[in-house]
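Shown next, in structure tokens, is the structure this report addresses.
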Amino acid sequence: MPNNECPACVELRIPCKPEYVGVARLAILGVASRMKFSYDEVEDVRLAVGEACTTSVEWAERNGKSGSSIILRSEIASDKLIVDIIDESGPRNEGAVSETEQEPENLGALLITLLVDEVSVVPKNGGTSVRMVKYAGQ
Amino acid sequence: MNFKMDVRTFEKDLPIIDLEGEVDVYTAPQLKQQIINILESGAKELVVDLTKVDYLDSTALGVLIGGLKRMREVDGNMVLICPSPRIRRVFEITGLDKIFDIYNTEDDAREVMGKEIE
């Protein structure tokens with residue numbers, strides 16, 4: 001969504017590297033704190049965003065795309081927070097990953113599902129876009 | 001990045017890893033290496049203290065699961081100290097609280113380890 005249609009959007013672009021995932025978490029902590037979320041709900045959003053970025057970083061490493069970026073885009077609505085994590089980490093070819101390597105990633109996906117109210121994952125321009133929605137006062 | 005890790009030994013044979021700050025995709029590899037070092041030193045028991053941890057993600061959970069698995073392969077055990085409800089919640093919602101032995105205090109963890117040594 002273009003910024004002029006989204007007056008309460010916050011965007012951040014970070015390098016797709018492990019040391020920058022904490023920066024995305026800090027940013028979303030600031031955004032989520034502006035919502036009518038409980039302390040636990042803010043923590044849920046922080047963890048979910050951290051997990052989504054971590055998955056992007058792991059796929060970038062596997063696909064040789066560690067020089068790419070992650071865009072974090074958040075939109076504050078009256079009743080919900082929408083967060084998009086958009087990467088350029090290449091295709092997520094699950095079959096190429098051994099069972100052992102998949103374990104933490106599956107845990108990450110499980111955590112995201114448990115922590116936010118809606119999740120959608122779609123391939124996008126050589127990467128993946130993950131949309132997470134958390135409703136306030138649920 | 002806010003992360004610290006120290007290793008100490010209780011009564012000469014029980015290694016305890018003290019963690020502080022954020023254990024995530026960036027810092028968890030250090031924890032993984034430390035657990036491997038302890039395993040390679042021949043230890044069969046390990047305590048990981050999460051008391052001062054304020055963030056823990058799936059990468060950290062994966063490292064802890066790997067450590068527990070390897071300890072159990074040699075008939076050993078690894079237990080966690082985690083009094084923080086926020087961090088404990090991550091174990092609870094993923095169901096991992098049923099796999100790990102989690103204690104509120106170091107005394108509780110050491111007591112259990114002591115019993116297992118006997």
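Just so we're on the same page: first chain in the structure tokens is A, next is B, and so on; residues restart at 1 for each chain, and ligands are numbered from 1 in the order they show up.
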
Using only C-alpha atoms, I'd like every residue of chain A that has an atom within 10 Å of chain B; please write them out as an NGL selection string.
:A and (17-23 or 40 or 43-44 or 46-48 or 50-51 or 53-55 or 57-58 or 100-111 or 114-115)

As a PyMOL selection string, please: all residues of chain A that backbone DSSP puts in strand (DSSP E).
chain A and resi 9-15+69-76+80-87+118-124+127-135

With N, CA and C atoms retained, export the selected residues as a short mmCIF file (atom, residue, chain, number, x, y, z; two decimals), in the first residue's frame.
data_model
loop_
_atom_site.label_atom_id
_atom_site.label_comp_id
_atom_site.auth_asym_id
_atom_site.auth_seq_id
_atom_site.Cartn_x
_atom_site.Cartn_y
_atom_site.Cartn_z
N CYS A 9 1.78 4.44 8.76
CA CYS A 9 2.71 3.38 8.38
C CYS A 9 4.11 3.67 8.90
N VAL A 10 4.79 2.64 9.34
CA VAL A 10 6.20 2.78 9.71
C VAL A 10 6.96 1.73 8.91
N GLU A 11 7.99 2.16 8.20
CA GLU A 11 8.77 1.22 7.39
C GLU A 11 10.22 1.23 7.80
N LEU A 12 10.83 0.07 7.70
CA LEU A 12 12.24 -0.04 8.05
C LEU A 12 12.88 -1.05 7.10
N ARG A 13 14.05 -0.72 6.59
CA ARG A 13 14.77 -1.67 5.75
C ARG A 13 16.05 -2.04 6.48
N ILE A 14 16.27 -3.35 6.66
CA ILE A 14 17.48 -3.80 7.36
C ILE A 14 18.23 -4.82 6.50
N PRO A 15 19.54 -4.92 6.69
CA PRO A 15 20.28 -5.99 5.99
C PRO A 15 19.76 -7.36 6.47
N SER A 69 18.05 -7.47 1.50
CA SER A 69 17.45 -6.69 2.60
C SER A 69 16.13 -7.31 3.04
N ILE A 70 15.70 -6.88 4.21
CA ILE A 70 14.35 -7.20 4.68
C ILE A 70 13.63 -5.88 4.88
N ILE A 71 12.41 -5.79 4.39
CA ILE A 71 11.61 -4.60 4.67
C ILE A 71 10.55 -4.97 5.71
N LEU A 72 10.51 -4.19 6.76
CA LEU A 72 9.47 -4.35 7.78
C LEU A 72 8.50 -3.19 7.57
N ARG A 73 7.26 -3.50 7.32
CA ARG A 73 6.27 -2.45 7.10
C ARG A 73 5.12 -2.67 8.07
N SER A 74 4.85 -1.71 8.90
CA SER A 74 3.76 -1.88 9.85
C SER A 74 2.72 -0.79 9.66
N GLU A 75 1.48 -1.18 9.85
CA GLU A 75 0.38 -0.25 9.67
C GLU A 75 -0.50 -0.32 10.91
N ILE A 76 -0.64 0.83 11.54
CA ILE A 76 -1.48 0.89 12.75
C ILE A 76 -2.91 1.25 12.34
N LYS A 80 -6.30 -2.92 15.02
CA LYS A 80 -5.33 -3.97 14.73
C LYS A 80 -4.00 -3.40 14.24
N LEU A 81 -2.98 -4.23 14.36
CA LEU A 81 -1.66 -3.88 13.82
C LEU A 81 -1.37 -4.88 12.70
N ILE A 82 -1.01 -4.35 11.54
CA ILE A 82 -0.66 -5.22 10.40
C ILE A 82 0.83 -5.07 10.17
N VAL A 83 1.55 -6.18 10.13
CA VAL A 83 2.99 -6.12 9.90
C VAL A 83 3.33 -7.00 8.70
N ASP A 84 4.04 -6.42 7.74
CA ASP A 84 4.54 -7.19 6.61
C ASP A 84 6.05 -7.31 6.74
N ILE A 85 6.56 -8.52 6.58
CA ILE A 85 8.00 -8.75 6.53
C ILE A 85 8.29 -9.24 5.12
N ILE A 86 8.98 -8.40 4.34
CA ILE A 86 9.19 -8.72 2.92
C ILE A 86 10.69 -8.93 2.69
N ASP A 87 11.05 -10.12 2.20
CA ASP A 87 12.48 -10.37 1.97
C ASP A 87 12.76 -10.63 0.49
N GLU A 118 -3.61 -13.53 12.65
CA GLU A 118 -3.68 -13.97 11.25
C GLU A 118 -2.28 -13.97 10.67
N VAL A 119 -1.98 -14.98 9.85
CA VAL A 119 -0.68 -15.04 9.17
C VAL A 119 -0.92 -15.47 7.73
N SER A 120 -0.25 -14.80 6.79
CA SER A 120 -0.25 -15.30 5.42
C SER A 120 1.16 -15.18 4.87
N VAL A 121 1.56 -16.20 4.13
CA VAL A 121 2.92 -16.25 3.56
C VAL A 121 2.78 -16.41 2.06
N VAL A 122 3.31 -15.43 1.31
CA VAL A 122 3.21 -15.53 -0.16
C VAL A 122 4.56 -15.22 -0.81
N PRO A 123 4.93 -15.99 -1.87
CA PRO A 123 6.15 -15.67 -2.61
C PRO A 123 6.01 -14.30 -3.26
N LYS A 124 7.10 -13.53 -3.27
CA LYS A 124 7.00 -12.18 -3.84
C LYS A 124 8.36 -11.74 -4.38
N GLY A 127 11.49 -13.45 -3.40
CA GLY A 127 11.55 -13.64 -1.95
C GLY A 127 10.19 -14.02 -1.41
N THR A 128 9.93 -13.62 -0.19
CA THR A 128 8.67 -13.99 0.44
C THR A 128 8.12 -12.80 1.22
N SER A 129 6.81 -12.69 1.22
CA SER A 129 6.16 -11.66 2.02
C SER A 129 5.30 -12.36 3.08
N VAL A 130 5.55 -12.02 4.32
CA VAL A 130 4.78 -12.60 5.43
C VAL A 130 3.94 -11.49 6.04
N ARG A 131 2.64 -11.66 6.05
CA ARG A 131 1.76 -10.65 6.68
C ARG A 131 1.21 -11.22 7.98
N MET A 132 1.38 -10.44 9.04
CA MET A 132 0.86 -10.85 10.35
C MET A 132 -0.09 -9.77 10.86
N VAL A 133 -1.21 -10.20 11.40
CA VAL A 133 -2.19 -9.25 11.93
C VAL A 133 -2.46 -9.59 13.40
N LYS A 134 -2.37 -8.57 14.23
CA LYS A 134 -2.69 -8.76 15.64
C LYS A 134 -3.79 -7.77 16.01
N TYR A 135 -4.90 -8.28 16.53
CA TYR A 135 -6.01 -7.41 16.93
C TYR A 135 -5.82 -6.93 18.36
#

Residue set, segment 10-128 of chain A restricted to alpha helix (DSSP H), as a VMD selection string
chain A and resid 21 to 32 39 to 62 99 to 115

Selection: 12 Å around segment 101-117 of chain B, only C-alpha atoms, excl. self and same-chain fewer than 3 positions, as a PyMOL selection string
chain B and resi 9-11+13-18+43-51+64-65+68+75-85+87-89+91-92+96-98

At what distance in Å, to one decimal, does atom CA of Val53 of chain B lie from atom CA of Leu29 of chain A?
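If I compute the distance from atom CA of Leu29 of chain A to atom CA of Val53 of chain B, I get 17.3 Å.
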
Go through A:Asn125, A:Ser89, A:Thr113, A:Ser33 one by one, measure the shortest atom-to-atom distance of each to Ser68 of chain A using only C-alpha atoms, and give the residue with the smallest value.
A:Ser89

As an exercise, work out the distance from atom CA of Ser56 of chain A to atom CA of Pro91 of chain A in Å and give it to one decimal place.
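Answer for the atom CA of Ser56 of chain A to atom CA of Pro91 of chain A separation: 10.4 Å.
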
Have a look at atom CA of Gly64 of chain A and atom CA of Glu88 of chain A and let me know their distance in Å, one decimal.
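These two atoms are separated by 10.8 Å.
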